[in-house]
Amino acid sequence: MSTKTIVYLRTSTGWQEFGIAAQLDQCRAFVTTIDAVFSDEGISGTVSLHKRPGLLAALDSLQNGDVLLVARRDRLCRGDPVLIAMIERLVEKRGARIISVAGEGTEGDDPTNRLMRRIVDAFAEYEILLVKARTTAALQAKKSRGERTGTVPYGYKLNPMNPKELVIDEIEQKIITLIKTLRETGQSLQKIADVLTAQGYKPRGKNWHRQTIKNILNFTHSERFKHDQ
């Protein structure tokens, strides 16, 4: 049986510069043939494995001798050495191997390459911890100045006359109504994202994604639930 190259792509909503298309282009330039592509779009690399349907499907498709190809190792996991070790073990049990277009010690299993992989994983964990520390420090500084902290919920904005107060954002409320209407007619999350893009509605980030739509629906549902109590 011939070996297959299975590509896995992932991007979070917060970092689109290295998006799905860019990752796929790098993988295509690295190998001559790609047999299957799986992706998790709008999903952080820090979430648990059972919340990564694309990665689970990619792992399930692997057979003996196959390659799981990623543009970079942190597409599999970021900042969790236990999770990346679990993913590696699942790949090994299927007789397959992980290869990163960026190298990162995936060229072989000799001691030097294994050490390189651990260093890459350690630095990814360090970056996550550093961001968390900086965020905590920034929030503490804002609290000490009496400023509002936390994400402004979709559908609202800060009152320009009083930054501590939230006021309704009419445009975003209109978008919420459209999202709910489309969902009630049975449209998929991706279809809703496509409709919003086609109609020229501007997202808070660069693009509309399924996860963005899901987050908006979940928030509006939780708010309605609280008001109904």
# chains A, B, ... in the order shown; residues from 1 in each chain; ligands from 1
call {"tool": "residues_around", "arguments": {"residues": "segment 178-187 of chain A", "least_positions_apart": "2", "cutoff": "10 Å", "atoms": "only C-alpha atoms", "output": "list of chain:residue names"}}
result
A:Glu172, A:Gln173, A:Lys174, A:Ile175, A:Ile176, A:Leu189, A:Gln190, A:Lys191, A:Ile192, A:Ala193, A:Val195, A:Leu196, A:Ile213, A:Lys214, A:Ile216, A:Leu217, A:Thr220, A:His221
call {"tool": "closest_atom_pairs", "arguments": {"of": "segment 112-229 of chain A", "to": "segment 79-103 of chain A", "cutoff": "10 Å", "atoms": "only C-alpha atoms", "output": "JSON lines"}}
result
{"residue": "A:Asn113", "atom": "CA", "partner": "A:Gly103", "partner_atom": "CA", "distance": 9.5}
{"residue": "A:Met116", "atom": "CA", "partner": "A:Gly103", "partner_atom": "CA", "distance": 9.5}
{"residue": "A:Arg117", "atom": "CA", "partner": "A:Gly103", "partner_atom": "CA", "distance": 9.3}
{"residue": "A:Arg118", "atom": "CA", "partner": "A:Pro81", "partner_atom": "CA", "distance": 8.5}
{"residue": "A:Val120", "atom": "CA", "partner": "A:Gly79", "partner_atom": "CA", "distance": 10.0}
{"residue": "A:Asp121", "atom": "CA", "partner": "A:Pro81", "partner_atom": "CA", "distance": 6.5}
{"residue": "A:Ala122", "atom": "CA", "partner": "A:Gly79", "partner_atom": "CA", "distance": 7.4}
{"residue": "A:Phe123", "atom": "CA", "partner": "A:Gly79", "partner_atom": "CA", "distance": 8.0}
{"residue": "A:Ala124", "atom": "CA", "partner": "A:Gly79", "partner_atom": "CA", "distance": 5.0}
{"residue": "A:Glu125", "atom": "CA", "partner": "A:Gly79", "partner_atom": "CA", "distance": 3.4}
{"residue": "A:Tyr126", "atom": "CA", "partner": "A:Gly79", "partner_atom": "CA", "distance": 7.0}
{"residue": "A:Glu127", "atom": "CA", "partner": "A:Gly79", "partner_atom": "CA", "distance": 7.5}
{"residue": "A:Ile128", "atom": "CA", "partner": "A:Gly79", "partner_atom": "CA", "distance": 5.8}
{"residue": "A:Leu129", "atom": "CA", "partner": "A:Gly79", "partner_atom": "CA", "distance": 7.8}
call {"tool": "residues_around", "arguments": {"residues": "Arg52 of chain A", "least_positions_apart": "5", "cutoff": "8 Å", "atoms": "only C-alpha atoms", "output": "mmCIF file with N, CA, C and O atoms, in the first residue's frame"}}
result
data_model
loop_
_atom_site.group_PDB
_atom_site.id
_atom_site.type_symbol
_atom_site.label_atom_id
_atom_site.label_comp_id
_atom_site.auth_asym_id
_atom_site.auth_seq_id
_atom_site.Cartn_x
_atom_site.Cartn_y
_atom_site.Cartn_z
ATOM 1 N N ASP A 40 -8.936 23.024 11.010
ATOM 2 C CA ASP A 40 -9.717 23.582 12.111
ATOM 3 C C ASP A 40 -9.558 25.093 12.015
ATOM 4 O O ASP A 40 -8.499 25.628 12.351
ATOM 5 N N ILE A 43 -10.007 28.036 15.571
ATOM 6 C CA ILE A 43 -9.853 27.251 16.797
ATOM 7 C C ILE A 43 -8.431 27.420 17.325
ATOM 8 O O ILE A 43 -7.460 27.202 16.607
ATOM 9 N N VAL A 47 -6.702 24.516 22.775
ATOM 10 C CA VAL A 47 -7.895 23.783 23.208
ATOM 11 C C VAL A 47 -7.637 22.281 23.161
ATOM 12 O O VAL A 47 -6.740 21.802 22.463
#
call {"tool": "residues_around", "arguments": {"residues": "Val70 of chain A", "least_positions_apart": "2", "cutoff": "12 Å", "atoms": "only C-alpha atoms", "output": "compact mmCIF listing (two decimals) with all heavy atoms, in the first residue's frame"}}
result
# COMPACT_ATOMS: atom_id res chain seq x y z
N THR A 5 0.06 11.46 2.02
CA THR A 5 0.39 12.70 2.71
C THR A 5 -0.91 13.37 3.13
O THR A 5 -1.71 13.78 2.28
CB THR A 5 1.20 13.65 1.81
OG1 THR A 5 2.45 13.03 1.48
CG2 THR A 5 1.48 14.96 2.54
N ILE A 6 -1.12 13.45 4.42
CA ILE A 6 -2.32 14.07 4.98
C ILE A 6 -1.94 15.44 5.54
O ILE A 6 -1.07 15.53 6.42
CB ILE A 6 -2.93 13.20 6.11
CG1 ILE A 6 -3.13 11.76 5.63
CG2 ILE A 6 -4.22 13.83 6.61
CD1 ILE A 6 -4.07 11.61 4.47
N VAL A 7 -2.57 16.48 5.05
CA VAL A 7 -2.25 17.84 5.49
C VAL A 7 -3.24 18.28 6.56
O VAL A 7 -4.45 18.08 6.43
CB VAL A 7 -2.28 18.82 4.30
CG1 VAL A 7 -2.24 20.28 4.80
CG2 VAL A 7 -1.11 18.55 3.37
N TYR A 8 -2.70 18.87 7.61
CA TYR A 8 -3.55 19.47 8.65
C TYR A 8 -3.26 20.96 8.75
O TYR A 8 -2.11 21.38 8.83
CB TYR A 8 -3.32 18.81 10.01
CG TYR A 8 -4.09 19.51 11.11
CD1 TYR A 8 -5.48 19.45 11.15
CD2 TYR A 8 -3.44 20.27 12.07
CE1 TYR A 8 -6.20 20.12 12.14
CE2 TYR A 8 -4.14 20.94 13.06
CZ TYR A 8 -5.52 20.86 13.09
OH TYR A 8 -6.22 21.54 14.05
N LEU A 9 -4.34 21.76 8.75
CA LEU A 9 -4.24 23.22 8.81
C LEU A 9 -5.04 23.73 10.00
O LEU A 9 -6.09 23.18 10.32
CB LEU A 9 -4.78 23.86 7.53
CG LEU A 9 -4.38 23.21 6.20
CD1 LEU A 9 -5.25 23.74 5.07
CD2 LEU A 9 -2.90 23.48 5.91
N ARG A 10 -4.54 24.76 10.65
CA ARG A 10 -5.29 25.36 11.75
C ARG A 10 -4.96 26.84 11.86
O ARG A 10 -3.82 27.25 11.65
CB ARG A 10 -4.96 24.69 13.08
CG ARG A 10 -5.78 25.24 14.26
CD ARG A 10 -5.22 24.81 15.59
NE ARG A 10 -3.86 25.29 15.81
CZ ARG A 10 -3.55 26.54 16.14
NH1 ARG A 10 -4.50 27.45 16.28
NH2 ARG A 10 -2.29 26.90 16.31
N THR A 11 -5.97 27.62 12.18
CA THR A 11 -5.75 29.02 12.48
C THR A 11 -6.75 29.45 13.52
O THR A 11 -7.87 28.93 13.59
CB THR A 11 -5.89 29.90 11.22
OG1 THR A 11 -5.52 31.25 11.54
CG2 THR A 11 -7.30 29.90 10.69
N ILE A 20 -5.30 29.79 6.75
CA ILE A 20 -5.46 28.48 6.13
C ILE A 20 -4.85 28.45 4.73
O ILE A 20 -4.12 27.52 4.38
CB ILE A 20 -6.96 28.12 6.05
CG1 ILE A 20 -7.55 27.95 7.46
CG2 ILE A 20 -7.18 26.86 5.22
CD1 ILE A 20 -6.99 26.79 8.22
N ALA A 22 -2.51 30.35 3.38
CA ALA A 22 -1.05 30.47 3.42
C ALA A 22 -0.40 29.15 3.84
O ALA A 22 0.62 28.74 3.28
CB ALA A 22 -0.65 31.59 4.38
N GLN A 23 -0.99 28.49 4.82
CA GLN A 23 -0.46 27.19 5.27
C GLN A 23 -0.55 26.16 4.15
O GLN A 23 0.40 25.39 3.92
CB GLN A 23 -1.23 26.71 6.49
CG GLN A 23 -1.04 27.56 7.73
CD GLN A 23 -1.96 27.13 8.85
OE1 GLN A 23 -2.06 25.95 9.18
NE2 GLN A 23 -2.65 28.09 9.45
N LEU A 24 -1.69 26.13 3.46
CA LEU A 24 -1.87 25.16 2.38
C LEU A 24 -0.88 25.41 1.25
O LEU A 24 -0.32 24.47 0.67
CB LEU A 24 -3.30 25.20 1.86
CG LEU A 24 -3.67 24.16 0.80
CD1 LEU A 24 -3.39 22.75 1.29
CD2 LEU A 24 -5.13 24.30 0.40
N ASP A 25 -0.63 26.68 0.93
CA ASP A 25 0.35 27.02 -0.11
C ASP A 25 1.74 26.50 0.27
O ASP A 25 2.46 25.96 -0.59
CB ASP A 25 0.41 28.54 -0.31
CG ASP A 25 -0.81 29.06 -1.06
OD1 ASP A 25 -1.53 28.25 -1.68
OD2 ASP A 25 -1.04 30.28 -1.02
N GLN A 26 2.11 26.64 1.53
CA GLN A 26 3.42 26.15 1.97
C GLN A 26 3.51 24.64 1.87
O GLN A 26 4.55 24.09 1.46
CB GLN A 26 3.68 26.60 3.41
CG GLN A 26 3.94 28.10 3.55
CD GLN A 26 4.44 28.47 4.92
OE1 GLN A 26 4.75 27.61 5.75
NE2 GLN A 26 4.53 29.76 5.18
N CYS A 27 2.44 23.96 2.23
CA CYS A 27 2.43 22.50 2.15
C CYS A 27 2.50 22.02 0.70
O CYS A 27 3.20 21.06 0.39
CB CYS A 27 1.18 21.94 2.84
SG CYS A 27 1.16 22.15 4.64
N ARG A 28 1.78 22.70 -0.18
CA ARG A 28 1.80 22.33 -1.59
C ARG A 28 3.18 22.54 -2.21
O ARG A 28 3.59 21.78 -3.10
CB ARG A 28 0.76 23.15 -2.35
CG ARG A 28 -0.68 22.67 -2.15
CD ARG A 28 -1.67 23.61 -2.77
NE ARG A 28 -3.05 23.08 -2.75
CZ ARG A 28 -4.13 23.80 -2.92
NH1 ARG A 28 -4.03 25.11 -3.16
NH2 ARG A 28 -5.32 23.24 -2.87
N PHE A 30 5.89 22.14 -0.63
CA PHE A 30 6.82 21.24 0.05
C PHE A 30 6.76 19.82 -0.51
O PHE A 30 7.77 19.11 -0.53
CB PHE A 30 6.51 21.23 1.55
CG PHE A 30 7.48 20.45 2.39
CD1 PHE A 30 8.72 20.98 2.69
CD2 PHE A 30 7.13 19.20 2.88
CE1 PHE A 30 9.61 20.26 3.47
CE2 PHE A 30 8.01 18.48 3.65
CZ PHE A 30 9.26 19.02 3.96
N VAL A 31 5.57 19.39 -0.94
CA VAL A 31 5.41 18.03 -1.45
C VAL A 31 4.78 18.06 -2.85
O VAL A 31 4.16 19.04 -3.24
CB VAL A 31 4.50 17.19 -0.52
CG1 VAL A 31 5.18 16.96 0.81
CG2 VAL A 31 3.14 17.85 -0.33
N ILE A 34 -0.63 15.75 -2.45
CA ILE A 34 -1.38 15.80 -1.20
C ILE A 34 -2.62 14.94 -1.38
O ILE A 34 -3.39 15.12 -2.32
CB ILE A 34 -1.78 17.25 -0.84
CG1 ILE A 34 -0.54 18.06 -0.48
CG2 ILE A 34 -2.78 17.26 0.32
CD1 ILE A 34 -0.83 19.53 -0.21
N VAL A 37 -6.81 16.85 2.92
CA VAL A 37 -6.60 18.06 3.71
C VAL A 37 -7.69 18.16 4.76
O VAL A 37 -8.88 18.05 4.46
CB VAL A 37 -6.63 19.32 2.82
CG1 VAL A 37 -6.46 20.58 3.67
CG2 VAL A 37 -5.54 19.26 1.75
N PHE A 38 -7.25 18.39 5.99
CA PHE A 38 -8.18 18.60 7.10
C PHE A 38 -7.82 19.91 7.79
O PHE A 38 -6.64 20.30 7.82
CB PHE A 38 -8.09 17.45 8.11
CG PHE A 38 -8.48 16.12 7.54
CD1 PHE A 38 -7.51 15.29 6.99
CD2 PHE A 38 -9.80 15.69 7.53
CE1 PHE A 38 -7.85 14.05 6.45
CE2 PHE A 38 -10.15 14.47 6.99
CZ PHE A 38 -9.18 13.64 6.45
N SER A 39 -8.80 20.60 8.33
CA SER A 39 -8.51 21.89 8.94
C SER A 39 -9.43 22.18 10.12
O SER A 39 -10.54 21.64 10.22
CB SER A 39 -8.65 23.01 7.91
OG SER A 39 -9.98 23.14 7.47
N LEU A 55 -8.52 17.96 13.32
CA LEU A 55 -7.35 17.19 13.72
C LEU A 55 -7.73 15.75 14.02
O LEU A 55 -7.01 14.81 13.64
CB LEU A 55 -6.69 17.83 14.94
CG LEU A 55 -5.43 17.12 15.48
CD1 LEU A 55 -4.39 16.94 14.38
CD2 LEU A 55 -4.85 17.90 16.65
N ALA A 58 -8.10 14.00 10.78
CA ALA A 58 -6.79 13.77 10.16
C ALA A 58 -6.09 12.58 10.81
O ALA A 58 -5.54 11.71 10.12
CB ALA A 58 -5.92 15.03 10.29
N VAL A 67 2.15 10.24 6.24
CA VAL A 67 2.76 11.45 6.79
C VAL A 67 1.65 12.44 7.13
O VAL A 67 0.76 12.69 6.32
CB VAL A 67 3.73 12.10 5.78
CG1 VAL A 67 4.12 13.51 6.22
CG2 VAL A 67 4.98 11.23 5.63
N LEU A 68 1.70 12.97 8.34
CA LEU A 68 0.83 14.07 8.73
C LEU A 68 1.65 15.35 8.57
O LEU A 68 2.57 15.61 9.33
CB LEU A 68 0.35 13.92 10.17
CG LEU A 68 -0.57 15.04 10.69
CD1 LEU A 68 -1.85 15.11 9.86
CD2 LEU A 68 -0.88 14.83 12.16
N ARG A 72 3.66 24.35 10.19
CA ARG A 72 4.50 24.55 11.36
C ARG A 72 3.99 23.68 12.49
O ARG A 72 2.81 23.36 12.56
CB ARG A 72 4.49 26.03 11.80
CG ARG A 72 5.41 26.88 10.98
CD ARG A 72 5.64 28.26 11.48
NE ARG A 72 4.94 28.69 12.67
CZ ARG A 72 4.82 29.97 13.00
NH1 ARG A 72 5.32 30.91 12.21
NH2 ARG A 72 4.20 30.33 14.10
N ARG A 73 4.86 23.32 13.37
CA ARG A 73 4.52 22.40 14.44
C ARG A 73 3.45 22.97 15.37
O ARG A 73 2.61 22.23 15.89
CB ARG A 73 5.79 22.06 15.22
CG ARG A 73 5.63 20.95 16.25
CD ARG A 73 6.99 20.56 16.81
NE ARG A 73 6.87 19.67 17.94
CZ ARG A 73 6.72 18.36 17.85
NH1 ARG A 73 6.66 17.78 16.66
NH2 ARG A 73 6.63 17.61 18.94
N ASP A 74 3.44 24.29 15.56
CA ASP A 74 2.46 24.89 16.46
C ASP A 74 1.04 24.87 15.90
O ASP A 74 0.10 25.26 16.58
CB ASP A 74 2.85 26.31 16.88
CG ASP A 74 2.88 27.29 15.71
OD1 ASP A 74 2.51 26.91 14.58
OD2 ASP A 74 3.28 28.45 15.92
N ARG A 75 0.88 24.42 14.64
CA ARG A 75 -0.47 24.23 14.11
C ARG A 75 -1.15 23.04 14.80
O ARG A 75 -2.37 22.99 14.89
CB ARG A 75 -0.44 23.99 12.60
CG ARG A 75 0.14 25.13 11.77
CD ARG A 75 -0.59 26.44 11.99
NE ARG A 75 -0.07 27.18 13.14
CZ ARG A 75 -0.72 28.19 13.73
NH1 ARG A 75 -1.92 28.55 13.32
NH2 ARG A 75 -0.18 28.82 14.75
N LEU A 76 -0.35 22.10 15.29
CA LEU A 76 -0.89 20.95 16.01
C LEU A 76 -1.27 21.33 17.43
O LEU A 76 -2.31 20.91 17.94
CB LEU A 76 0.15 19.82 16.05
CG LEU A 76 0.46 19.14 14.72
CD1 LEU A 76 1.66 18.22 14.89
CD2 LEU A 76 -0.74 18.35 14.22
N CYS A 77 -0.43 22.12 18.07
CA CYS A 77 -0.66 22.48 19.46
C CYS A 77 0.24 23.65 19.83
O CYS A 77 1.34 23.78 19.30
CB CYS A 77 -0.35 21.27 20.36
SG CYS A 77 -0.41 21.64 22.12
N ARG A 97 3.99 9.39 10.72
CA ARG A 97 4.92 10.35 11.30
C ARG A 97 4.48 11.77 10.98
O ARG A 97 3.78 12.02 9.99
CB ARG A 97 6.35 10.14 10.79
CG ARG A 97 6.50 10.24 9.29
CD ARG A 97 7.94 10.10 8.86
NE ARG A 97 8.79 11.14 9.44
CZ ARG A 97 10.02 11.44 8.99
NH1 ARG A 97 10.53 10.75 7.99
NH2 ARG A 97 10.73 12.38 9.54
N ILE A 98 4.90 12.70 11.84
CA ILE A 98 4.60 14.12 11.66
C ILE A 98 5.78 14.79 10.98
O ILE A 98 6.93 14.60 11.38
CB ILE A 98 4.32 14.79 13.01
CG1 ILE A 98 3.10 14.17 13.68
CG2 ILE A 98 4.14 16.30 12.83
CD1 ILE A 98 2.91 14.60 15.13
N ILE A 99 5.48 15.59 9.95
CA ILE A 99 6.52 16.38 9.30
C ILE A 99 6.06 17.83 9.24
O ILE A 99 4.93 18.11 8.86
CB ILE A 99 6.84 15.87 7.88
CG1 ILE A 99 7.48 14.48 7.95
CG2 ILE A 99 7.75 16.85 7.14
CD1 ILE A 99 7.89 13.93 6.60
N SER A 100 6.95 18.73 9.62
CA SER A 100 6.68 20.17 9.54
C SER A 100 7.43 20.75 8.35
O SER A 100 8.61 20.45 8.15
CB SER A 100 7.13 20.87 10.83
OG SER A 100 7.18 22.26 10.66
N VAL A 101 6.75 21.58 7.58
CA VAL A 101 7.40 22.25 6.45
C VAL A 101 8.57 23.08 6.96
O VAL A 101 9.60 23.21 6.29
CB VAL A 101 6.39 23.14 5.70
CG1 VAL A 101 7.10 23.97 4.62
CG2 VAL A 101 5.30 22.29 5.07
N ALA A 102 8.44 23.63 8.16
CA ALA A 102 9.48 24.47 8.74
C ALA A 102 10.64 23.67 9.32
O ALA A 102 11.61 24.25 9.81
CB ALA A 102 8.88 25.36 9.84
N GLY A 103 10.57 22.33 9.26
CA GLY A 103 11.63 21.50 9.81
C GLY A 103 11.35 21.19 11.27
O GLY A 103 10.67 20.25 11.60
N GLU A 104 11.91 22.00 12.14
CA GLU A 104 11.65 21.95 13.59
C GLU A 104 11.92 20.59 14.21
O GLU A 104 11.25 20.15 15.14
CB GLU A 104 10.21 22.38 13.87
CG GLU A 104 9.87 23.77 13.35
CD GLU A 104 8.41 24.12 13.52
OE1 GLU A 104 7.55 23.34 13.04
OE2 GLU A 104 8.13 25.16 14.13
N THR A 106 11.59 17.62 12.79
CA THR A 106 10.72 16.52 12.32
C THR A 106 11.35 15.72 11.19
O THR A 106 10.71 14.87 10.60
CB THR A 106 9.36 17.07 11.86
OG1 THR A 106 9.55 17.97 10.75
CG2 THR A 106 8.65 17.80 12.99
call {"tool": "select_by_dssp", "arguments": {"residues": "segment 26-211 of chain A", "states": "alpha helix (DSSP H)", "output": "PyMOL selection string"}}
result
chain A and resi 26-30+53-61+81-93+111-144+170-184+189-198+210-211
call {"tool": "closest_residue", "arguments": {"among": "A:Val131, A:Gly42, A:Thr33, A:Leu56", "to": "Ser12 of chain A", "atoms": "only C-alpha atoms"}}
result
A:Gly42
call {"tool": "select_by_dssp", "arguments": {"residues": "segment 6-222 of chain A", "states": "strand (DSSP E)", "output": "short mmCIF file (atom, residue, chain, number, x, y, z; two decimals) with C-alpha atoms, in the first residue's frame"}}
result
data_model
loop_
_atom_site.label_atom_id
_atom_site.label_comp_id
_atom_site.auth_asym_id
_atom_site.auth_seq_id
_atom_site.Cartn_x
_atom_site.Cartn_y
_atom_site.Cartn_z
CA ILE A 6 -2.32 14.07 4.98
CA VAL A 7 -2.25 17.84 5.49
CA TYR A 8 -3.55 19.47 8.65
CA LEU A 9 -4.24 23.22 8.81
CA ARG A 10 -5.29 25.36 11.75
CA THR A 11 -5.75 29.02 12.48
CA ALA A 36 -6.23 14.75 1.90
CA VAL A 37 -6.60 18.06 3.71
CA PHE A 38 -8.18 18.60 7.10
CA SER A 39 -8.51 21.89 8.94
CA ASP A 40 -9.72 23.58 12.11
CA GLU A 41 -10.51 27.20 11.34
CA VAL A 67 2.76 11.45 6.79
CA LEU A 68 0.83 14.07 8.73
CA LEU A 69 2.11 17.32 7.19
CA VAL A 70 1.81 20.72 8.87
CA ARG A 97 4.92 10.35 11.30
CA ILE A 98 4.60 14.12 11.66
CA ILE A 99 6.52 16.38 9.30
CA SER A 100 6.68 20.17 9.54
CA TYR A 156 -22.39 46.73 22.15
CA LYS A 157 -19.71 49.40 22.26
CA LEU A 158 -18.12 51.67 24.82
CA ASN A 159 -19.86 54.95 25.50
CA ASN A 162 -18.09 57.29 29.64
CA PRO A 163 -15.61 54.48 28.79
CA LYS A 164 -16.89 52.43 31.76
CA GLU A 165 -20.36 52.15 30.24
CA LEU A 166 -21.62 49.91 27.44
CA VAL A 167 -24.18 51.16 24.93
CA ILE A 168 -25.99 49.36 22.10
#
call {"tool": "decode", "arguments": {"residues": "segment 121-132 of chain A", "atoms": "C-alpha atoms", "output": "tab-separated table (two decimals), in the first residue's frame"}}
result
chain	number	residue	atom	x	y	z
A	121	ASP	CA	7.55	22.99	22.04
A	122	ALA	CA	9.14	24.63	25.08
A	123	PHE	CA	9.40	27.99	23.33
A	124	ALA	CA	5.76	27.74	22.22
A	125	GLU	CA	4.77	27.18	25.86
A	126	TYR	CA	6.99	30.09	26.93
A	127	GLU	CA	5.31	32.42	24.42
A	128	ILE	CA	1.84	31.50	25.70
A	129	LEU	CA	2.87	32.06	29.32
A	130	LEU	CA	4.53	35.36	28.42
A	131	VAL	CA	1.39	36.63	26.70
A	132	LYS	CA	-0.72	35.63	29.71
